[in-house]
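Undergrad: Structure file structure.txt (compact mmCIF, C-alpha atoms and all ligand atoms) is given on the next line.
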# COMPACT_ATOMS: atom_id res chain seq x y z
CA MET A 1 6.00 -171.48 -96.70
CA ALA A 2 5.78 -175.17 -97.50
CA LEU A 3 6.44 -177.18 -94.37
CA GLN A 4 8.18 -180.45 -95.25
CA TRP A 5 6.10 -180.31 -98.41
CA TYR A 6 8.15 -181.40 -101.32
CA PRO A 7 6.89 -183.54 -104.19
CA GLY A 8 9.05 -186.62 -103.48
CA HIS A 9 8.00 -186.85 -99.87
CA MET A 10 4.32 -186.25 -100.55
CA ASN A 11 4.25 -188.71 -103.45
CA LYS A 12 5.70 -191.39 -101.21
CA ALA A 13 3.13 -190.72 -98.49
CA LYS A 14 0.37 -190.60 -101.09
CA ASN A 15 1.41 -193.93 -102.61
CA GLN A 16 1.58 -195.53 -99.17
CA VAL A 17 -1.93 -194.34 -98.35
CA GLN A 18 -3.20 -195.45 -101.75
CA ASP A 19 -1.69 -198.92 -101.27
CA ARG A 20 -3.38 -199.35 -97.93
CA LEU A 21 -6.70 -198.01 -99.19
CA LYS A 22 -7.05 -201.28 -101.08
CA VAL A 23 -7.16 -203.30 -97.87
CA VAL A 24 -9.45 -201.14 -95.72
CA ASP A 25 -13.21 -200.63 -95.67
CA ILE A 26 -13.21 -197.13 -94.31
CA VAL A 27 -10.88 -194.21 -93.64
CA LEU A 28 -11.04 -192.25 -90.40
CA GLU A 29 -9.62 -188.84 -91.17
CA ILE A 30 -8.71 -187.04 -87.97
CA VAL A 31 -8.64 -183.26 -87.99
CA ASP A 32 -8.30 -180.68 -85.24
CA ALA A 33 -11.83 -179.39 -84.51
CA ARG A 34 -10.36 -175.89 -84.15
CA LEU A 35 -9.02 -176.15 -87.72
CA PRO A 36 -11.27 -178.44 -89.76
CA TYR A 37 -9.90 -176.94 -92.97
CA SER A 38 -6.32 -176.02 -92.10
CA SER A 39 -5.48 -179.32 -90.42
CA ARG A 40 -6.51 -181.42 -93.41
CA ASN A 41 -3.97 -182.76 -95.82
CA PRO A 42 -5.07 -181.79 -99.34
CA VAL A 43 -3.43 -184.77 -101.05
CA LEU A 44 -5.19 -187.09 -98.67
CA GLU A 45 -8.46 -185.35 -99.31
CA GLN A 46 -8.20 -186.14 -103.04
CA ILE A 47 -7.36 -189.82 -102.71
CA ILE A 48 -9.55 -190.91 -99.82
CA ASN A 49 -12.66 -189.69 -101.56
CA GLN A 50 -12.75 -193.06 -103.33
CA LYS A 51 -13.43 -194.75 -99.97
CA LYS A 52 -16.04 -194.59 -97.23
CA HIS A 53 -14.76 -191.87 -95.06
CA ILE A 54 -15.51 -190.31 -91.67
CA ILE A 55 -14.01 -187.01 -90.57
CA ILE A 56 -13.30 -186.99 -86.84
CA LEU A 57 -13.28 -183.47 -85.43
CA ASN A 58 -10.97 -184.21 -82.52
CA LYS A 59 -10.08 -181.83 -79.67
CA ALA A 60 -13.69 -180.66 -79.82
CA ASP A 61 -13.33 -179.78 -76.13
CA LEU A 62 -11.11 -176.88 -77.27
CA ALA A 63 -13.29 -175.75 -80.19
CA ASP A 64 -16.28 -173.40 -80.37
CA PRO A 65 -19.29 -175.80 -80.12
CA LYS A 66 -21.42 -173.68 -82.45
CA LEU A 67 -18.77 -173.79 -85.18
CA THR A 68 -18.27 -177.53 -84.65
CA GLU A 69 -21.98 -177.93 -85.47
CA ASP A 70 -21.54 -175.68 -88.53
CA TRP A 71 -18.61 -177.77 -89.71
CA LYS A 72 -20.54 -181.03 -89.30
CA LEU A 73 -23.35 -179.55 -91.37
CA ASN A 74 -20.84 -178.36 -93.96
CA PHE A 75 -19.31 -181.85 -94.29
CA ARG A 76 -22.78 -183.43 -94.39
CA GLN A 77 -23.70 -181.12 -97.27
CA GLU A 78 -20.53 -182.27 -99.04
CA GLY A 79 -21.67 -185.87 -98.53
CA THR A 80 -19.10 -186.82 -95.88
CA ALA A 81 -19.96 -188.15 -92.44
CA SER A 82 -18.30 -186.38 -89.51
CA ILE A 83 -18.29 -186.67 -85.75
CA GLU A 84 -16.75 -184.63 -82.97
CA SER A 85 -14.55 -186.21 -80.32
CA ASP A 86 -12.58 -185.38 -77.23
CA ALA A 87 -10.33 -188.39 -77.30
CA LYS A 88 -8.24 -187.12 -74.42
CA HIS A 89 -11.09 -187.25 -71.92
CA ASN A 90 -13.90 -189.35 -73.40
CA ARG A 91 -14.67 -192.75 -74.82
CA LEU A 92 -15.44 -193.12 -78.50
CA GLU A 93 -18.57 -195.30 -78.57
CA LYS A 94 -20.42 -193.02 -80.97
CA LEU A 95 -17.60 -193.39 -83.46
CA ASN A 96 -17.94 -197.18 -83.36
CA THR A 97 -21.67 -196.84 -84.05
CA MET A 98 -21.04 -194.40 -86.91
CA ILE A 99 -18.44 -196.70 -88.53
CA ARG A 100 -20.96 -199.57 -88.48
CA SER A 101 -23.73 -197.40 -89.84
CA GLU A 102 -21.51 -196.10 -92.70
CA LEU A 103 -20.68 -199.71 -93.59
CA SER A 104 -24.14 -201.18 -93.00
CA ASP A 105 -24.66 -202.17 -96.68
CA LYS A 106 -21.37 -204.02 -96.80
CA ILE A 107 -21.94 -205.72 -93.43
CA GLU A 108 -25.46 -206.82 -94.50
CA LYS A 109 -24.08 -208.20 -97.75
CA TYR A 110 -21.53 -210.28 -95.84
CA GLU A 111 -24.26 -211.45 -93.45
CA ARG A 112 -26.44 -212.55 -96.35
CA ASN A 113 -23.49 -214.60 -97.54
CA GLY A 114 -23.13 -216.25 -94.16
CA VAL A 115 -20.33 -214.14 -92.66
CA LYS A 116 -21.65 -213.37 -89.18
CA ASN A 117 -19.01 -211.18 -87.57
CA TYR A 118 -17.41 -209.27 -90.39
CA GLN A 119 -14.15 -207.78 -89.10
CA ILE A 120 -14.12 -204.14 -90.21
CA LYS A 121 -10.81 -202.72 -91.37
CA ALA A 122 -10.27 -199.00 -90.84
CA MET A 123 -7.30 -196.73 -91.48
CA CYS A 124 -6.65 -193.66 -89.34
CA VAL A 125 -5.05 -190.76 -91.16
CA GLY A 126 -4.22 -187.23 -90.16
CA ILE A 127 -1.46 -184.67 -89.95
CA PRO A 128 0.77 -184.84 -86.83
CA ASN A 129 -0.60 -183.72 -83.49
CA VAL A 130 -4.32 -183.93 -84.26
CA GLY A 131 -4.63 -186.73 -81.69
CA LYS A 132 -4.32 -189.81 -83.87
CA SER A 133 -2.34 -191.84 -81.31
CA THR A 134 -4.74 -190.82 -78.57
CA ILE A 135 -7.70 -192.01 -80.66
CA LEU A 136 -5.98 -195.29 -81.55
CA ASN A 137 -5.19 -195.85 -77.88
CA LYS A 138 -8.78 -195.16 -76.87
CA MET A 139 -10.17 -197.45 -79.57
CA VAL A 140 -7.81 -200.29 -78.76
CA GLY A 141 -8.12 -199.80 -75.03
CA LYS A 142 -4.48 -199.89 -74.08
CA ASN A 143 -1.35 -197.92 -74.74
CA VAL A 144 -0.43 -198.98 -78.25
CA ALA A 145 1.08 -196.01 -79.98
CA VAL A 146 3.46 -193.40 -78.72
CA THR A 147 1.81 -190.10 -77.86
CA GLY A 148 3.94 -187.07 -77.28
CA ASN A 149 3.92 -183.33 -77.56
CA LYS A 150 6.39 -183.27 -80.44
CA PRO A 151 4.49 -183.00 -83.71
CA GLY A 152 5.79 -185.46 -86.24
CA VAL A 153 7.12 -188.30 -84.08
CA THR A 154 6.99 -191.39 -86.27
CA LYS A 155 4.53 -193.97 -85.01
CA ASN A 156 4.29 -197.71 -85.69
CA GLN A 157 2.06 -198.79 -88.52
CA ASN A 158 0.88 -202.23 -87.46
CA TRP A 159 -2.68 -203.46 -87.45
CA LEU A 160 -4.30 -202.91 -84.08
CA LYS A 161 -7.21 -205.01 -82.84
CA THR A 162 -10.15 -203.58 -80.94
CA SER A 163 -12.54 -205.66 -78.86
CA TYR A 164 -15.54 -204.62 -80.96
CA GLY A 165 -14.72 -206.08 -84.35
CA ILE A 166 -12.73 -203.26 -85.90
CA ASP A 167 -9.09 -203.63 -86.94
CA LEU A 168 -7.18 -200.38 -87.22
CA LEU A 169 -4.26 -199.28 -89.33
CA ASP A 170 -2.25 -196.19 -88.47
CA THR A 171 -1.30 -193.59 -91.11
CA PRO A 172 1.63 -194.75 -93.15
CA GLY A 173 4.40 -192.16 -93.01
CA ILE A 174 3.93 -188.59 -91.97
CA LEU A 175 1.33 -186.47 -93.68
CA TRP A 176 2.13 -182.82 -93.28
CA PRO A 177 -0.37 -180.03 -93.76
CA LYS A 178 0.16 -177.97 -96.90
CA ILE A 179 0.78 -174.35 -96.08
CA THR A 180 0.46 -172.18 -99.15
CA ASP A 181 -1.83 -169.66 -97.49
CA PRO A 182 0.08 -167.86 -94.69
CA LYS A 183 -3.17 -167.65 -92.74
CA VAL A 184 -3.26 -171.45 -92.56
CA GLY A 185 0.31 -171.43 -91.19
CA MET A 186 -0.63 -168.87 -88.53
CA LYS A 187 -3.63 -170.93 -87.45
CA LEU A 188 -1.59 -174.13 -87.21
CA ALA A 189 1.09 -172.31 -85.21
CA LEU A 190 -1.41 -170.65 -82.90
CA SER A 191 -3.13 -173.93 -82.07
CA GLY A 192 0.21 -175.70 -81.48
CA ALA A 193 -0.24 -178.06 -84.43
CA ILE A 194 3.18 -177.11 -85.79
CA LYS A 195 6.36 -176.37 -83.88
CA ASP A 196 6.66 -172.98 -82.24
CA LYS A 197 10.02 -172.35 -83.89
CA ILE A 198 8.56 -172.21 -87.40
CA TYR A 199 6.94 -168.77 -87.17
CA PRO A 200 8.10 -165.73 -85.15
CA PRO A 201 5.93 -165.54 -82.00
CA ASP A 202 5.07 -161.87 -82.56
CA ASP A 203 3.55 -162.68 -85.98
CA VAL A 204 1.47 -165.46 -84.43
CA ALA A 205 0.40 -163.30 -81.47
CA ILE A 206 -0.58 -160.43 -83.77
CA TYR A 207 -2.59 -162.87 -85.86
CA ALA A 208 -4.22 -164.13 -82.62
CA LEU A 209 -5.07 -160.64 -81.37
CA ASN A 210 -6.56 -159.65 -84.72
CA PHE A 211 -8.58 -162.86 -84.79
CA LEU A 212 -9.82 -162.28 -81.24
CA MET A 213 -10.67 -158.62 -81.81
CA THR A 214 -12.62 -159.50 -84.96
CA ASN A 215 -14.47 -162.49 -83.59
CA TYR A 216 -14.44 -162.36 -79.78
CA LEU A 217 -13.84 -158.70 -78.89
CA ASP A 218 -15.60 -158.82 -75.51
CA ARG A 219 -13.59 -161.82 -74.39
CA VAL A 220 -10.23 -160.20 -75.15
CA VAL A 221 -11.27 -156.88 -73.59
CA ASP A 222 -12.49 -158.67 -70.44
CA PHE A 223 -9.58 -161.02 -70.01
CA TYR A 224 -6.83 -158.43 -70.55
CA LYS A 225 -8.86 -155.72 -68.80
CA LEU A 226 -8.48 -153.41 -71.77
CA GLU A 227 -10.16 -150.13 -72.52
CA LYS A 228 -11.84 -150.06 -75.92
CA SER A 229 -9.50 -147.09 -76.67
CA ASP A 230 -6.50 -149.43 -76.19
CA ILE A 231 -7.88 -151.28 -79.17
CA TYR A 232 -9.27 -148.59 -81.44
CA ASN A 233 -6.45 -146.06 -81.11
CA HIS A 234 -3.58 -148.44 -81.69
CA THR A 235 -2.24 -150.87 -84.20
CA THR A 236 -2.22 -154.53 -83.18
CA ALA A 237 1.60 -154.41 -82.86
CA GLU A 238 1.20 -151.49 -80.42
CA LEU A 239 -1.44 -153.46 -78.53
CA LEU A 240 1.02 -156.35 -78.19
CA MET A 241 3.63 -153.92 -76.81
CA HIS A 242 1.05 -152.56 -74.37
CA LEU A 243 0.16 -156.07 -73.22
CA THR A 244 3.83 -157.05 -72.87
CA LYS A 245 4.31 -154.15 -70.44
CA GLN A 246 1.05 -154.99 -68.68
CA PHE A 247 2.30 -158.58 -68.18
CA GLY A 248 5.40 -157.08 -66.50
CA PHE A 249 7.75 -158.23 -69.28
CA LYS A 250 9.05 -154.67 -70.02
CA GLU A 251 10.23 -154.64 -73.68
CA ASP A 252 10.51 -158.41 -74.10
CA TYR A 253 7.92 -158.56 -76.88
CA ASP A 254 8.67 -162.16 -77.78
CA ARG A 255 7.85 -163.16 -74.20
CA GLY A 256 4.66 -161.09 -74.38
CA ALA A 257 3.79 -162.75 -77.69
CA ARG A 258 4.36 -166.24 -76.27
CA ARG A 259 2.09 -165.37 -73.33
CA VAL A 260 -0.72 -164.31 -75.69
CA ILE A 261 -0.31 -167.56 -77.66
CA MET A 262 -0.42 -169.64 -74.45
CA ASP A 263 -3.49 -167.72 -73.26
CA VAL A 264 -5.27 -168.73 -76.48
CA ARG A 265 -4.17 -172.38 -76.15
CA ASN A 266 -5.13 -172.47 -72.47
CA LEU A 267 -8.70 -171.36 -73.25
CA LYS A 268 -8.40 -167.98 -71.50
CA PHE A 269 -10.75 -166.65 -74.20
CA GLY A 270 -12.93 -169.74 -74.15
CA ARG A 271 -13.21 -172.42 -76.80
CA LEU A 272 -12.16 -171.07 -80.18
CA THR A 273 -12.38 -172.33 -83.76
CA PHE A 274 -10.09 -170.62 -86.23
CA ASP A 275 -11.56 -171.93 -89.50
CA VAL A 276 -15.06 -170.97 -90.59
CA PRO A 277 -16.94 -173.02 -93.21
CA GLY A 278 -16.98 -171.23 -96.55
CA GLU A 279 -13.93 -169.10 -95.71
CA PHE A 280 -11.98 -168.36 -98.85
CA TYR A 281 -8.48 -169.80 -99.18
CA GLU A 282 -6.13 -169.15 -102.04
CA GLU A 283 -4.42 -172.17 -103.49
P1 LIG B 301 -0.80 -187.48 -83.08
O1 LIG B 301 -0.68 -188.95 -82.85
O2 LIG B 301 -1.86 -187.13 -84.05
O3 LIG B 301 0.50 -186.81 -83.42
O4 LIG B 301 -1.30 -186.79 -81.71
P2 LIG B 301 -1.29 -187.33 -80.20
O5 LIG B 301 -2.30 -188.41 -80.02
O6 LIG B 301 0.11 -187.59 -79.82
O7 LIG B 301 -1.87 -186.05 -79.44
C1 LIG B 301 -1.20 -184.79 -79.48
C2 LIG B 301 -1.61 -184.00 -78.26
O8 LIG B 301 -3.01 -183.72 -78.32
C3 LIG B 301 -1.40 -184.73 -76.94
O9 LIG B 301 -1.12 -183.73 -75.96
C4 LIG B 301 -2.79 -185.30 -76.63
O10 LIG B 301 -3.01 -185.53 -75.25
C5 LIG B 301 -3.65 -184.15 -77.11
N1 LIG B 301 -5.00 -184.57 -77.47
C6 LIG B 301 -5.39 -185.63 -78.22
N2 LIG B 301 -6.72 -185.68 -78.34
C7 LIG B 301 -7.20 -184.62 -77.64
C8 LIG B 301 -8.54 -184.12 -77.40
O11 LIG B 301 -9.55 -184.62 -77.90
N3 LIG B 301 -8.62 -183.00 -76.62
C9 LIG B 301 -7.52 -182.38 -76.12
N4 LIG B 301 -7.72 -181.29 -75.36
N5 LIG B 301 -6.27 -182.82 -76.32
C10 LIG B 301 -6.12 -183.93 -77.08
P3 LIG B 301 0.30 -183.54 -75.35
O12 LIG B 301 0.35 -182.18 -74.79
O13 LIG B 301 1.31 -183.95 -76.35
O14 LIG B 301 0.36 -184.61 -74.22
P4 LIG B 301 -0.44 -184.60 -72.84
O15 LIG B 301 -0.14 -183.29 -72.20
O16 LIG B 301 -1.89 -184.75 -73.13
O17 LIG B 301 0.15 -185.78 -72.15
Please express the file's structure as structure tokens.
TA:
Amino acid sequence: MALQWYPGHMNKAKNQVQDRLKVVDIVLEIVDARLPYSSRNPVLEQIINQKKHIIILNKADLADPKLTEDWKLNFRQEGTASIESDAKHNRLEKLNTMIRSELSDKIEKYERNGVKNYQIKAMCVGIPNVGKSTILNKMVGKNVAVTGNKPGVTKNQNWLKTSYGIDLLDTPGILWPKITDPKVGMKLALSGAIKDKIYPPDDVAIYALNFLMTNYLDRVVDFYKLEKSDIYNHTTAELLMHLTKQFGFKEDYDRGARRVIMDVRNLKFGRLTFDVPGEFYEE
């Protein structure tokens, strides 16, 4: 399923990004640390490679710390700087330092030519709901862009000034993720990056249970107080039915599914990362 992904729309967004690339020194690409692959926009990935570029693994407070380290290593091996952030709760000083270090050659060149306080120009890009507005707000230090829980709310695109010599530009237009691999869609739905209405909750919950049983079996067994036989002797759909009854929702499987999804989002199984570096994705 291609979510809002049609050539006209994406070409427009691509051209807008390309236009603005000419006036910035560096691109800050924000991704969800739980989905460092699935929450990237592939078109963006192609065109921003021409520029200095930092990947911000935001919502790192929700992601598996070990996998966040693995992802940073993976990006480093690909030659791209990356940094984790929890923009909701923390300040972003390390990001400021990293931006300056990535641009040190350029800044030194300007200094040699007598420009003392070179004003850095950065563009923030990312698919909806990765925390772009939250990061802009934190960097600027006041409430500048609308944040909300509705993925895809259009934000203003003006230059924003920070007090530490960096001017920021928001993403022009809306850059949707590209969902050709259904697994990517499931991961985006499970994390709340795309609207709940897009995929049936039972599909997402079954994906979640399979993911948990494969990667975090003890956590799911402990939290739902399951017997191993509940898992091994049943299909995942049957397990979801079992859980729905256990929650007291009788045969309301959609309600049971939504509960499982919320349990994942509310960290009942701890901090989870759904993408693993090197995982194979079909185009
Ligand atoms: P966007 O501009 O990229 O679309 O995203 P936005 O900043 O609006 O953030 C989307 C949601 O993600 C917001 O939650 C925001 O608080 C949350 N968020 C942003 N950064 C982080 C982070 O590093 N960690 C965590 N845990 N959450 C983050 P919301 O539910 O829409 O609002 P609220 O409940 O926080 O008020």
Undergrad: Rank nothing, just name the residue among A:Arg265, A:Lys225, A:Lys12, A:Lys106 nearest to ligand LIG 301 (chain B), using only C-alpha atoms and all ligand atoms.
TA: A:Arg265
Undergrad: If we count only C-alpha atoms and set the cut-off at 8 Å, which residues sit around region 38-51 of chain A, ignoring sequence neighbours fewer than 4 positions away in its own chain? Please answer as a VMD selection string.
TA: chain A and resid 10 14 17 to 18 21 25 to 27 31 to 32 126 to 127 130 175 to 178 184 187 to 188 275
Undergrad: How many Å lie between atom O17 of ligand LIG 301 (chain B) and CA of Met98 (chain A), rounded to one decimal?
TA: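 Those two atoms sit 27.2 Å apart.
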Undergrad: So what do you get for CA of Asp263 (chain A) versus CA of Phe223 (chain A), distance-wise?
TA: 9.6 Å
Undergrad: Which residue, A:Ala208, A:Tyr164, A:Asn158, A:Pro36, has the smallest gap to Leu67 (chain A) when you use only C-alpha atoms?
TA: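 Checking each candidate against Leu67 (chain A), we get A:Pro36 as the closest.
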Undergrad: Please report the interatomic distance between CA of Lys52 (chain A) and CA of Val125 (chain A) in Å with one decimal.
TA: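 Pair CA of Lys52 (chain A) / CA of Val125 (chain A) returns 13.1 Å.
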Undergrad: Hey, which of A:Asp196, A:Asp230, A:Glu279, A:Asp86 ends up closest to Ile261 (chain A)? Count only C-alpha atoms.
TA: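 Answer, going by the shortest atom-to-atom distance: A:Asp196.
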Undergrad: Please provide the set of residues having any atom within 12 Å of region 217-221 of chain A, restricted to all atoms listed in the file, with same-chain residues fewer than 4 positions apart removed, written as a VMD selection string.
TA: chain A and resid 208 to 213 225 to 232 239 243 260 263 to 264 267 to 272
Undergrad: Can you pull out every residue within 8 Å of region 69-82 of chain A, counting only C-alpha atoms, but drop anything in the same chain fewer than 4 positions away, and send it as a CSV table (one decimal) with C-alpha atoms, keeping the file's coordinate frame?
TA:
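What ended up in result.csv:
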chain,number,residue,atom,x,y,z
A,36,PRO,CA,-11.3,-178.4,-89.8
A,53,HIS,CA,-14.8,-191.9,-95.1
A,54,ILE,CA,-15.5,-190.3,-91.7
A,55,ILE,CA,-14.0,-187.0,-90.6
A,56,ILE,CA,-13.3,-187.0,-86.8
A,57,LEU,CA,-13.3,-183.5,-85.4
A,65,PRO,CA,-19.3,-175.8,-80.1
A,276,VAL,CA,-15.1,-171.0,-90.6
A,277,PRO,CA,-16.9,-173.0,-93.2
Undergrad: Within 12 Å of Tyr253 (chain A), counting all atoms listed in the file, which residues qualify if same-chain residues fewer than 5 places away don't, as a list in words?
TA: Pro200, Pro201, Asp202, Asp203, Ala205, Ile206, Ala237, Glu238, Leu239, Leu240, Met241, His242, Leu243, Thr244, Lys245, Gln246, Phe247, Gly248, Arg258, Arg259 and Val260 of chain A
Undergrad: From the set A:Val24, A:Ile135, A:Ile83, A:Val115, which residue has the shortest atom-to-atom contact distance to ligand LIG 301 (chain B), counting only C-alpha atoms and all ligand atoms?
TA: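 The answer is A:Ile135, which sits nearest to ligand LIG 301 (chain B).
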Undergrad: Could you give me the axis-aligned bounding box of ligand LIG 301 (chain B), with 3 Å of padding per side, as centre plus edge lengths in Å to one decimal, as AutoDock Vina command-line options?
TA:
--center_x -4.1 --center_y -185.1 --center_z -78.1 --size_x 16.9 --size_y 13.7 --size_z 17.9
Undergrad: In terms of the shortest atom-to-atom distance over only C-alpha atoms and all ligand atoms, which of A:Thr134, A:Thr162, A:Thr236, A:Asn15 is closest to ligand LIG 301 (chain B)?
TA: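 Using only C-alpha atoms and all ligand atoms, the shortest distance to ligand LIG 301 (chain B) belongs to A:Thr134.
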Undergrad: Here is a test: counting all atoms listed in the file, which residue of A:Ile198, A:Met139, A:Leu62, A:Ile166 is nearest to ligand LIG 301 (chain B)?
TA: A:Leu62
